[in-house]
>>> print(open('structure-v1.pdb').read())   # PDB, C-alpha atoms, pLDDT in the B column
ATOM      1  CA  MET A   1      91.645 130.418 106.243  1.00 48.00           C
ATOM      2  CA  GLY A   2      89.293 127.832 104.776  1.00 66.00           C
ATOM      3  CA  GLU A   3      88.666 124.289 105.831  1.00 85.00           C
ATOM      4  CA  TRP A   4      90.975 121.487 104.709  1.00 86.00           C
ATOM      5  CA  PRO A   5      89.596 118.896 102.259  1.00 91.00           C
ATOM      6  CA  PRO A   6      88.712 115.448 103.625  1.00 95.00           C
ATOM      7  CA  ARG A   7      91.425 112.817 103.989  1.00 94.00           C
ATOM      8  CA  LEU A   8      91.521 109.133 103.133  1.00 93.00           C
ATOM      9  CA  GLU A   9      90.854 107.248 106.352  1.00 92.00           C
ATOM     10  CA  ARG A  10      93.605 104.616 106.286  1.00 93.00           C
ATOM     11  CA  SER A  11      97.092 104.895 107.781  1.00 96.00           C
ATOM     12  CA  SER A  12      99.863 106.674 105.888  1.00 95.00           C
ATOM     13  CA  ALA A  13     101.768 103.374 105.606  1.00 96.00           C
ATOM     14  CA  ARG A  14      98.734 101.675 104.029  1.00 96.00           C
ATOM     15  CA  GLN A  15      98.226 104.610 101.657  1.00 95.00           C
ATOM     16  CA  LEU A  16     101.865 104.374 100.564  1.00 93.00           C
ATOM     17  CA  ILE A  17     101.556 100.632  99.898  1.00 95.00           C
ATOM     18  CA  ASP A  18      98.332 101.158  97.945  1.00 94.00           C
ATOM     19  CA  TYR A  19      99.889 104.036  95.990  1.00 92.00           C
ATOM     20  CA  LEU A  20     102.940 101.988  95.038  1.00 93.00           C
ATOM     21  CA  ARG A  21     100.782  99.062  93.910  1.00 94.00           C
ATOM     22  CA  HIS A  22      98.007 100.947  92.100  1.00 93.00           C
ATOM     23  CA  PRO A  23      98.310 104.759  92.232  1.00 88.00           C
ATOM     24  CA  TYR A  24      95.270 105.434  90.053  1.00 91.00           C
ATOM     25  CA  ALA A  25      93.115 103.131  92.178  1.00 94.00           C
ATOM     26  CA  LEU A  26      94.053 105.099  95.307  1.00 93.00           C
ATOM     27  CA  PHE A  27      93.126 108.393  93.649  1.00 93.00           C
ATOM     28  CA  TRP A  28      89.912 106.963  92.187  1.00 94.00           C
ATOM     29  CA  GLU A  29      88.881 105.723  95.635  1.00 95.00           C
ATOM     30  CA  GLY A  30      89.496 109.176  97.094  1.00 95.00           C
ATOM     31  CA  TYR A  31      87.444 110.735  94.303  1.00 95.00           C
ATOM     32  CA  LYS A  32      84.534 108.327  94.835  1.00 96.00           C
ATOM     33  CA  ARG A  33      84.535 108.853  98.618  1.00 96.00           C
ATOM     34  CA  HIS A  34      85.257 112.578  98.847  1.00 96.00           C
ATOM     35  CA  GLY A  35      84.774 114.176  95.437  1.00 95.00           C
ATOM     36  CA  PRO A  36      87.321 116.000  93.260  1.00 94.00           C
ATOM     37  CA  VAL A  37      89.416 117.440  96.133  1.00 94.00           C
ATOM     38  CA  PHE A  38      90.836 115.319  98.951  1.00 94.00           C
ATOM     39  CA  ARG A  39      94.046 114.666 100.880  1.00 93.00           C
ATOM     40  CA  VAL A  40      96.362 111.674 100.932  1.00 94.00           C
ATOM     41  CA  LYS A  41      99.259 111.051 103.313  1.00 93.00           C
ATOM     42  CA  LEU A  42     101.935 108.666 102.109  1.00 92.00           C
ATOM     43  CA  ALA A  43     104.324 107.485 104.826  1.00 92.00           C
ATOM     44  CA  GLY A  44     107.494 109.559 104.874  1.00 89.00           C
ATOM     45  CA  GLN A  45     106.024 112.301 102.658  1.00 87.00           C
ATOM     46  CA  PRO A  46     104.191 115.563 103.314  1.00 86.00           C
ATOM     47  CA  GLU A  47     100.445 115.402 102.959  1.00 89.00           C
ATOM     48  CA  TRP A  48      99.183 115.929  99.381  1.00 88.00           C
ATOM     49  CA  VAL A  49      96.009 117.657  98.293  1.00 89.00           C
ATOM     50  CA  VAL A  50      94.693 115.887  95.191  1.00 91.00           C
ATOM     51  CA  VAL A  51      92.659 118.094  92.841  1.00 91.00           C
ATOM     52  CA  GLY A  52      90.628 116.492  90.069  1.00 90.00           C
ATOM     53  CA  GLU A  53      88.418 119.401  89.048  1.00 89.00           C
ATOM     54  CA  PRO A  54      89.643 121.181  85.881  1.00 88.00           C
ATOM     55  CA  ALA A  55      88.378 124.619  86.957  1.00 89.00           C
ATOM     56  CA  LEU A  56      90.216 124.350  90.283  1.00 86.00           C
ATOM     57  CA  ILE A  57      93.394 123.174  88.572  1.00 83.00           C
ATOM     58  CA  ARG A  58      93.253 126.198  86.258  1.00 85.00           C
ATOM     59  CA  ALA A  59      92.726 128.493  89.264  1.00 82.00           C
ATOM     60  CA  ILE A  60      95.746 126.996  91.032  1.00 77.00           C
ATOM     61  CA  PHE A  61      97.989 127.517  88.012  1.00 78.00           C
ATOM     62  CA  ARG A  62      96.792 131.106  87.600  1.00 80.00           C
ATOM     63  CA  GLU A  63      97.639 131.914  91.221  1.00 73.00           C
ATOM     64  CA  SER A  64     100.600 134.152  91.954  1.00 69.00           C
ATOM     65  CA  ALA A  65     103.920 132.323  92.077  1.00 60.00           C
ATOM     66  CA  ASP A  66     104.576 133.989  95.443  1.00 59.00           C
ATOM     67  CA  THR A  67     101.410 132.460  96.926  1.00 61.00           C
ATOM     68  CA  LEU A  68     102.094 128.843  96.023  1.00 59.00           C
ATOM     69  CA  TYR A  69     105.242 127.116  97.176  1.00 57.00           C
ATOM     70  CA  GLY A  70     106.065 123.641  95.835  1.00 54.00           C
ATOM     71  CA  ASP A  71     108.613 121.416  97.555  1.00 55.00           C
ATOM     72  CA  SER A  72     108.164 117.648  97.577  1.00 56.00           C
ATOM     73  CA  ASP A  73     111.002 115.148  97.481  1.00 61.00           C
ATOM     74  CA  ALA A  74     108.667 112.474  96.094  1.00 57.00           C
ATOM     75  CA  LEU A  75     107.755 114.614  93.099  1.00 58.00           C
ATOM     76  CA  LYS A  76     111.362 115.696  92.586  1.00 62.00           C
ATOM     77  CA  ALA A  77     112.260 112.051  92.039  1.00 60.00           C
ATOM     78  CA  PHE A  78     109.785 111.920  89.129  1.00 55.00           C
ATOM     79  CA  LEU A  79     110.030 115.434  87.694  1.00 61.00           C
ATOM     80  CA  GLY A  80     113.580 116.485  88.545  1.00 65.00           C
ATOM     81  CA  GLU A  81     114.513 119.236  90.955  1.00 65.00           C
ATOM     82  CA  HIS A  82     114.505 121.934  88.245  1.00 66.00           C
ATOM     83  CA  ALA A  83     110.864 121.339  87.229  1.00 69.00           C
ATOM     84  CA  ILE A  84     108.696 124.470  87.163  1.00 66.00           C
ATOM     85  CA  LEU A  85     106.707 123.051  90.081  1.00 66.00           C
ATOM     86  CA  PHE A  86     109.725 123.558  92.357  1.00 67.00           C
ATOM     87  CA  GLN A  87     110.686 127.040  91.174  1.00 73.00           C
ATOM     88  CA  ASN A  88     109.666 130.068  93.209  1.00 72.00           C
ATOM     89  CA  GLY A  89     109.591 133.816  92.780  1.00 77.00           C
ATOM     90  CA  GLU A  90     111.038 135.378  89.614  1.00 80.00           C
ATOM     91  CA  ARG A  91     112.514 132.104  88.367  1.00 76.00           C
ATOM     92  CA  HIS A  92     109.041 130.512  88.483  1.00 69.00           C
ATOM     93  CA  ARG A  93     107.436 133.493  86.716  1.00 77.00           C
ATOM     94  CA  ARG A  94     110.023 133.314  83.898  1.00 77.00           C
ATOM     95  CA  ALA A  95     109.432 129.587  83.422  1.00 73.00           C
ATOM     96  CA  ARG A  96     105.651 130.097  83.358  1.00 71.00           C
ATOM     97  CA  ARG A  97     105.971 132.761  80.659  1.00 76.00           C
ATOM     98  CA  VAL A  98     107.921 130.310  78.498  1.00 74.00           C
ATOM     99  CA  LEU A  99     105.120 127.757  78.793  1.00 69.00           C
TER
END
>>> encode(input="structure-v1.pdb", output="structure tokens")
Amino acid sequence: MGEWPPRLERSSARQLIDYLRHPYALFWEGYKRHGPVFRVKLAGQPEWVVVGEPALIRAIFRESADTLYGDSDALKAFLGEHAILFQNGERHRRARRVL
């Protein structure tokens, strides 16, 4: 298993406050400090890996649906619980084919 990407150095509570105030500023800071892949931890949420490199994003979306498992309550609030991101197995594969 590979190494985890670097993480923003502030507390998860501070990251949550910064995210709620200016989400793009938080991500831009992470990009400037750590490059296109880094982790954030918002209080009360699982840790996120932020990917800002188009080639890596394409590789993630080409990965087998059985390899990647998406489950985040924070994202469900924005996308809805039936979003393709939260589907797994055959249901996810069917939704991807439609796209």
>>> closest_residue(input="structure-v1.pdb", among="A:Arg93, A:Arg14, A:Trp28, A:Glu3", to="Phe61 in chain A", atoms="all atoms listed in the file")
A:Arg93
>>> atom_distance(input="structure-v1.pdb", atom1="CA of Glu9 in chain A", atom2="CA of Leu26 in chain A")
11.7 Å
>>> resolve_selection(input="structure-v1.pdb", expression="the PyMOL selection byres ((chain A and resi 53) around 12)", output="PyMOL selection string")
chain A and resi 31+35-38+50-52+54-60
>>> atom_distance(input="structure-v1.pdb", atom1="CA of Val49 in chain A", atom2="CA of Lys32 in chain A")
15.2 Å
>>> resolve_selection(input="structure-v1.pdb", expression="the PyMOL selection byres ((chain A and resi 47) around 12)", output="list in words")
Trp4, Pro5, Pro6, Arg7, Leu8, Ser12, Gln15, Leu16, Phe38, Arg39, Val40, Lys41, Leu42, Ala43, Gly44, Gln45, Pro46, Trp48, Val49, Val50, Asp71, Ser72, Asp73 and Ala74 of chain A
>>> atom_distance(input="structure-v1.pdb", atom1="CA of Phe27 in chain A", atom2="CA of Ala13 in chain A")
15.6 Å
